[in-house]
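Novice: See final-v2.txt below, with compact mmCIF, C-alpha atoms.
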# COMPACT_ATOMS: atom_id res chain seq x y z
CA MET A 1 28.91 13.69 -8.81
CA VAL A 2 30.29 10.15 -8.59
CA GLN A 3 30.43 9.91 -12.39
CA SER A 4 32.36 13.18 -12.52
CA ILE A 5 34.85 11.81 -9.99
CA SER A 6 35.12 8.59 -12.04
CA ASN A 7 35.86 10.59 -15.19
CA PHE A 8 38.48 12.61 -13.31
CA PHE A 9 40.26 9.48 -12.05
CA THR A 10 40.11 7.93 -15.53
CA MET A 11 41.79 11.05 -16.91
CA ILE A 12 44.49 10.89 -14.22
CA LEU A 13 45.10 7.19 -14.85
CA ASN A 14 45.41 7.74 -18.59
CA TRP A 15 47.86 10.58 -18.00
CA LEU A 16 49.92 8.47 -15.60
CA TYR A 17 49.95 5.67 -18.18
CA SER A 18 51.53 8.05 -20.69
CA VAL A 19 54.36 8.54 -18.17
CA VAL A 20 54.52 5.05 -16.62
CA PRO A 21 52.95 2.54 -19.05
CA ASN A 22 51.79 0.05 -16.42
CA TYR A 23 48.22 0.44 -15.15
CA PRO A 24 48.61 -1.49 -11.85
CA VAL A 25 51.64 0.64 -10.98
CA ASP A 26 49.68 3.73 -12.05
CA ILE A 27 46.90 2.79 -9.59
CA ILE A 28 49.47 2.73 -6.79
CA ILE A 29 50.96 6.06 -7.90
CA MET A 30 47.49 7.63 -8.03
CA THR A 31 46.76 6.30 -4.55
CA ILE A 32 49.94 7.94 -3.25
CA LEU A 33 48.95 11.25 -4.89
CA LEU A 34 45.48 11.00 -3.35
CA LYS A 35 46.95 10.37 0.10
CA LEU A 36 49.18 13.44 -0.29
CA ILE A 37 46.14 15.58 -1.12
CA LEU A 38 44.25 14.23 1.91
CA GLU A 39 47.28 14.57 4.20
CA PRO A 40 46.15 17.79 6.01
CA LEU A 41 42.80 16.22 6.91
CA THR A 42 44.44 12.94 7.91
CA TYR A 43 46.87 14.77 10.18
CA ALA A 44 44.05 16.72 11.81
CA GLN A 45 41.99 13.56 12.32
CA LEU A 46 44.81 11.53 13.85
CA ARG A 47 45.93 14.43 16.04
CA THR A 48 42.37 14.89 17.28
CA SER A 49 42.08 11.17 18.01
CA PHE A 50 45.35 11.16 19.95
CA VAL A 51 44.55 14.28 22.01
CA ILE A 52 41.02 13.15 22.85
CA SER A 53 42.38 9.84 24.10
CA ARG A 54 44.70 11.81 26.42
CA ILE A 55 41.98 14.10 27.83
CA GLN A 56 39.34 11.42 28.16
CA GLY A 57 39.60 11.47 31.96
CA GLU A 58 38.85 15.21 32.00
CA LEU A 59 35.93 14.72 29.62
CA GLN A 60 34.48 12.04 31.89
CA GLU A 61 34.88 14.31 34.92
CA ILE A 62 32.99 17.08 33.15
CA ALA A 63 30.20 14.68 32.16
CA LYS A 64 29.94 13.46 35.75
CA LYS A 65 30.07 16.95 37.26
CA TYR A 66 27.37 18.36 34.97
CA LYS A 67 25.30 15.21 34.50
CA ASN A 68 22.14 17.18 35.33
CA ASP A 69 23.07 20.07 33.06
CA PRO A 70 23.88 18.75 29.53
CA GLN A 71 24.18 22.26 28.09
CA GLN A 72 26.82 23.29 30.61
CA ALA A 73 28.62 19.96 30.13
CA ALA A 74 28.74 20.57 26.37
CA GLN A 75 30.11 24.09 26.93
CA GLU A 76 32.84 22.84 29.27
CA GLN A 77 33.82 20.04 26.91
CA SER A 78 33.92 22.51 24.01
CA LYS A 79 36.16 24.75 26.09
CA LEU A 80 38.49 21.82 26.81
CA TYR A 81 38.67 20.92 23.13
CA LYS A 82 39.51 24.54 22.31
CA GLU A 83 42.30 24.60 24.93
CA HIS A 84 43.90 21.60 23.25
CA GLY A 85 43.27 22.89 19.72
CA VAL A 86 41.11 20.00 18.49
CA ASN A 87 37.72 19.67 16.86
CA PRO A 88 36.06 16.24 17.30
CA LEU A 89 33.93 16.81 14.18
CA ILE A 90 37.08 16.56 12.04
CA GLY A 91 37.01 12.81 12.67
CA CYS A 92 33.77 12.54 10.66
CA LEU A 93 34.89 14.74 7.78
CA LEU A 94 37.62 12.50 6.34
CA PRO A 95 35.54 9.27 6.21
CA LEU A 96 32.64 11.19 4.64
CA LEU A 97 34.99 12.64 2.03
CA GLN A 98 36.44 9.23 1.25
CA ILE A 99 33.05 7.71 0.35
CA PRO A 100 32.48 9.59 -2.95
CA ILE A 101 36.20 9.29 -3.72
CA PHE A 102 36.08 5.49 -3.32
CA PHE A 103 32.93 5.02 -5.39
CA GLY A 104 34.23 7.41 -8.04
CA LEU A 105 37.50 5.52 -8.23
CA TYR A 106 35.66 2.20 -8.18
CA GLY A 107 33.64 3.31 -11.19
CA SER A 108 36.79 4.45 -12.97
CA LEU A 109 38.59 1.15 -12.39
CA VAL A 110 35.60 -1.04 -13.26
CA GLN A 111 34.67 0.88 -16.41
CA ASN A 112 38.19 1.33 -17.77
CA PRO A 113 38.38 -0.80 -20.98
CA ASN A 114 42.17 -0.85 -20.80
CA PHE A 115 42.00 -3.17 -17.77
CA LYS A 116 40.24 -5.97 -19.66
CA GLY A 117 42.48 -9.03 -19.82
CA LEU A 118 45.45 -7.15 -18.30
CA PRO A 119 47.55 -9.49 -16.09
CA PHE A 120 49.53 -8.44 -13.02
CA LEU A 121 51.63 -10.68 -10.76
CA TRP A 122 49.59 -13.88 -10.20
CA VAL A 123 46.30 -12.37 -11.39
CA PRO A 124 45.43 -13.07 -15.06
CA ASP A 125 42.93 -10.18 -15.41
CA ILE A 126 42.90 -7.12 -13.10
CA SER A 127 39.39 -6.20 -14.24
CA LYS A 128 38.10 -9.36 -12.51
CA PRO A 129 38.32 -10.67 -8.93
CA ASP A 130 41.43 -12.58 -7.90
CA PRO A 131 40.71 -16.27 -8.62
CA THR A 132 42.70 -17.19 -5.49
CA TRP A 133 41.97 -16.05 -1.92
CA ILE A 134 45.28 -14.21 -1.63
CA THR A 135 43.83 -10.76 -2.31
CA VAL A 136 40.82 -11.30 -0.01
CA ILE A 137 43.08 -12.36 2.87
CA ALA A 138 45.46 -9.44 2.21
CA MET A 139 42.57 -6.96 2.20
CA VAL A 140 41.20 -8.33 5.46
CA LEU A 141 44.63 -8.10 7.13
CA VAL A 142 45.44 -4.55 5.98
CA THR A 143 41.92 -3.38 6.90
CA TYR A 144 42.27 -4.89 10.38
CA PHE A 145 45.64 -3.24 11.01
CA GLN A 146 44.47 0.07 9.53
CA PHE A 147 41.52 0.08 11.94
CA LYS A 148 43.79 -0.79 14.89
CA PHE A 149 46.30 1.94 14.04
CA THR A 150 43.81 4.71 13.29
CA SER A 151 41.09 4.05 15.88
CA GLN A 152 40.86 6.28 18.92
CA ALA A 153 42.40 4.83 22.09
CA THR A 154 40.14 4.76 25.12
CA ASN A 155 40.28 3.80 28.78
CA ASP A 156 36.54 3.20 28.88
CA PRO A 157 35.95 -0.60 28.74
CA ALA A 158 32.43 -0.19 27.32
CA MET A 159 33.65 2.13 24.56
CA GLN A 160 36.58 -0.19 23.85
CA ARG A 161 34.23 -3.16 23.47
CA GLN A 162 32.06 -1.11 21.12
CA GLN A 163 35.09 -0.14 19.03
CA ASN A 164 36.25 -3.76 18.86
CA MET A 165 32.79 -4.91 17.76
CA MET A 166 32.66 -2.21 15.07
CA MET A 167 36.13 -3.19 13.91
CA TRP A 168 35.27 -6.87 13.50
CA VAL A 169 31.96 -6.09 11.78
CA PHE A 170 33.78 -3.80 9.34
CA VAL A 171 36.64 -6.25 8.72
CA ILE A 172 34.25 -9.17 8.11
CA MET A 173 32.13 -7.00 5.82
CA ILE A 174 35.21 -6.00 3.80
CA GLY A 175 36.26 -9.66 3.56
CA TRP A 176 32.82 -10.60 2.24
CA ILE A 177 32.68 -7.75 -0.30
CA ALA A 178 36.32 -8.27 -1.35
CA ARG A 179 35.43 -11.61 -2.94
CA SER A 180 33.78 -9.72 -5.80
CA PHE A 181 36.22 -6.78 -6.02
CA PRO A 182 38.08 -6.48 -9.33
CA PHE A 183 41.78 -6.84 -8.59
CA GLY A 184 42.38 -3.24 -9.70
CA VAL A 185 40.03 -2.00 -6.96
CA ALA A 186 41.57 -4.35 -4.39
CA LEU A 187 45.02 -3.06 -5.33
CA TYR A 188 43.89 0.50 -4.65
CA TRP A 189 42.35 -0.54 -1.31
CA MET A 190 45.47 -2.37 -0.16
CA ALA A 191 47.80 0.45 -1.24
CA PHE A 192 45.58 3.05 0.46
CA SER A 193 45.40 1.01 3.69
CA LEU A 194 49.13 0.26 3.83
CA ILE A 195 50.00 3.93 3.29
CA SER A 196 47.43 4.87 5.96
CA ILE A 197 49.06 2.51 8.48
CA LEU A 198 52.51 4.01 7.85
CA GLU A 199 51.06 7.52 7.87
CA SER A 200 49.26 6.86 11.15
CA PHE A 201 52.44 5.58 12.80
CA VAL A 202 54.49 8.60 11.71
CA ILE A 203 51.82 11.19 12.58
CA ARG A 204 51.12 9.64 15.99
CA LYS A 205 54.82 9.80 16.84
CA MET A 206 54.95 13.46 15.76
CA VAL A 207 51.85 14.42 17.74
CA GLU A 208 53.00 12.45 20.77
CA ARG A 209 56.30 14.35 20.77
CA GLN A 210 54.54 17.70 20.30
CA TYR A 211 52.09 16.91 23.10
CA ALA A 212 54.90 15.87 25.46
CA GLU A 213 56.88 19.05 24.69
CA LYS A 214 53.79 21.20 25.27
CA ASN A 215 53.12 19.54 28.63
CA ALA A 216 56.76 19.87 29.66
CA ALA A 217 56.71 23.60 28.81
CA ALA A 218 53.48 24.05 30.83
CA VAL A 219 55.04 22.34 33.88
CA GLN A 220 58.13 24.56 33.70
CA LYS A 221 55.92 27.67 33.80
Write out the structure in this file as structure tokens.
Specialist:
Amino acid sequence: MVQSISNFFTMILNWLYSVVPNYPVDIIIMTILLKLILEPLTYAQLRTSFVISRIQGELQEIAKKYKNDPQQAAQEQSKLYKEHGVNPLIGCLLPLLQIPIFFGLYGSLVQNPNFKGLPFLWVPDISKPDPTWITVIAMVLVTYFQFKFTSQATNDPAMQRQQNMMMWVFVIMIGWIARSFPFGVALYWMAFSLISILESFVIRKMVERQYAEKNAAAVQK
């Protein structure tokens, strides 16, 4: 499956190169196209995250009220999710989908013979890791901000601590792995993360406005 995805991305990159003969720029264009395809799932995930953060108090009340009846608690929570039009499972779908996409694209970028010895900006060969630490630092920063912008807000201190710990573990792990990333892969990662940050900001503002309008309409009734 991963090899099929790699072949698909190689085909797309070669086609883009016939239109825009610059592979690093083509990687960025392909990343934008990929984000557009994933947009419906991204919107659903961010909307779910935002709404759940707003109804967390109600979820905690249900858990407390039915602490001796987990089945009833699950039914009440499911009912609350349905009232607000969200499905918490959607938050798992997008990351799971991104895993084969990333490895497929990684294979495409690493195996592409056209990248050998191709310079871009300060990097002499995009098929090899950046000889400076600039790319590693940039990847760590964009990953940190992407996690901050897309993570689910919570009023629960214990959950917040857990999220922060997961964030730092993930960021440090990315920093460690990024040392060996070919620059072409790092370029994809940074472009994907930067677009995700902007996307998250825009979608959160849209959902926040929609949520406020819905609540205002409910109060007027």
Novice: Quick check, in Å to one decimal: how far apart do atom CA of Ile203 of chain A and atom CA of Phe103 of chain A lie?
Specialist: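 The value is 26.8 Å.
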Novice: Name all residues at most 10 Å from Met167 of chain A (count all atoms listed in the file; drop same-chain ones fewer than 5 positions away) and give them as an MDAnalysis selection string.
Specialist: chainID A and resid 143:148 151 161:162 172:173
Novice: So that I can see what lies close to Leu97 of chain A, please list as a list in words the residues with an atom at most 12 Å from it, counting all atoms listed in the file and leaving out residues fewer than 6 positions away in the same chain.
Specialist: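 With the cut-off at 12 Å, the set is Val2, Leu34, Ile37, Leu38, Leu41, Thr42, Ile90, Gly91, Phe103 and Gly104 of chain A.
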Novice: Between A:Val185, A:Ala63, A:Thr132, A:Ile174, which has the minimum distance to Gln111 of chain A (counting only C-alpha atoms)?
Specialist: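 Looking only at the distances to Gln111 of chain A, the closest residue turns out to be A:Val185.
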Novice: Select, from A:Lys116, A:Arg47, A:Lys67, A:Arg54, the residue with the minimum atom-to-atom distance to Val86 of chain A, counting all atoms listed in the file.
Specialist: A:Arg47
Novice: Between A:Ala74, A:Val123, A:Val51, A:Ile101, which is the closest to Gln210 of chain A once you count only C-alpha atoms?
Specialist: A:Val51
Novice: So how far away is atom CA of Tyr43 of chain A from atom CA of Arg204 of chain A, in Å?
Specialist: 8.8 Å
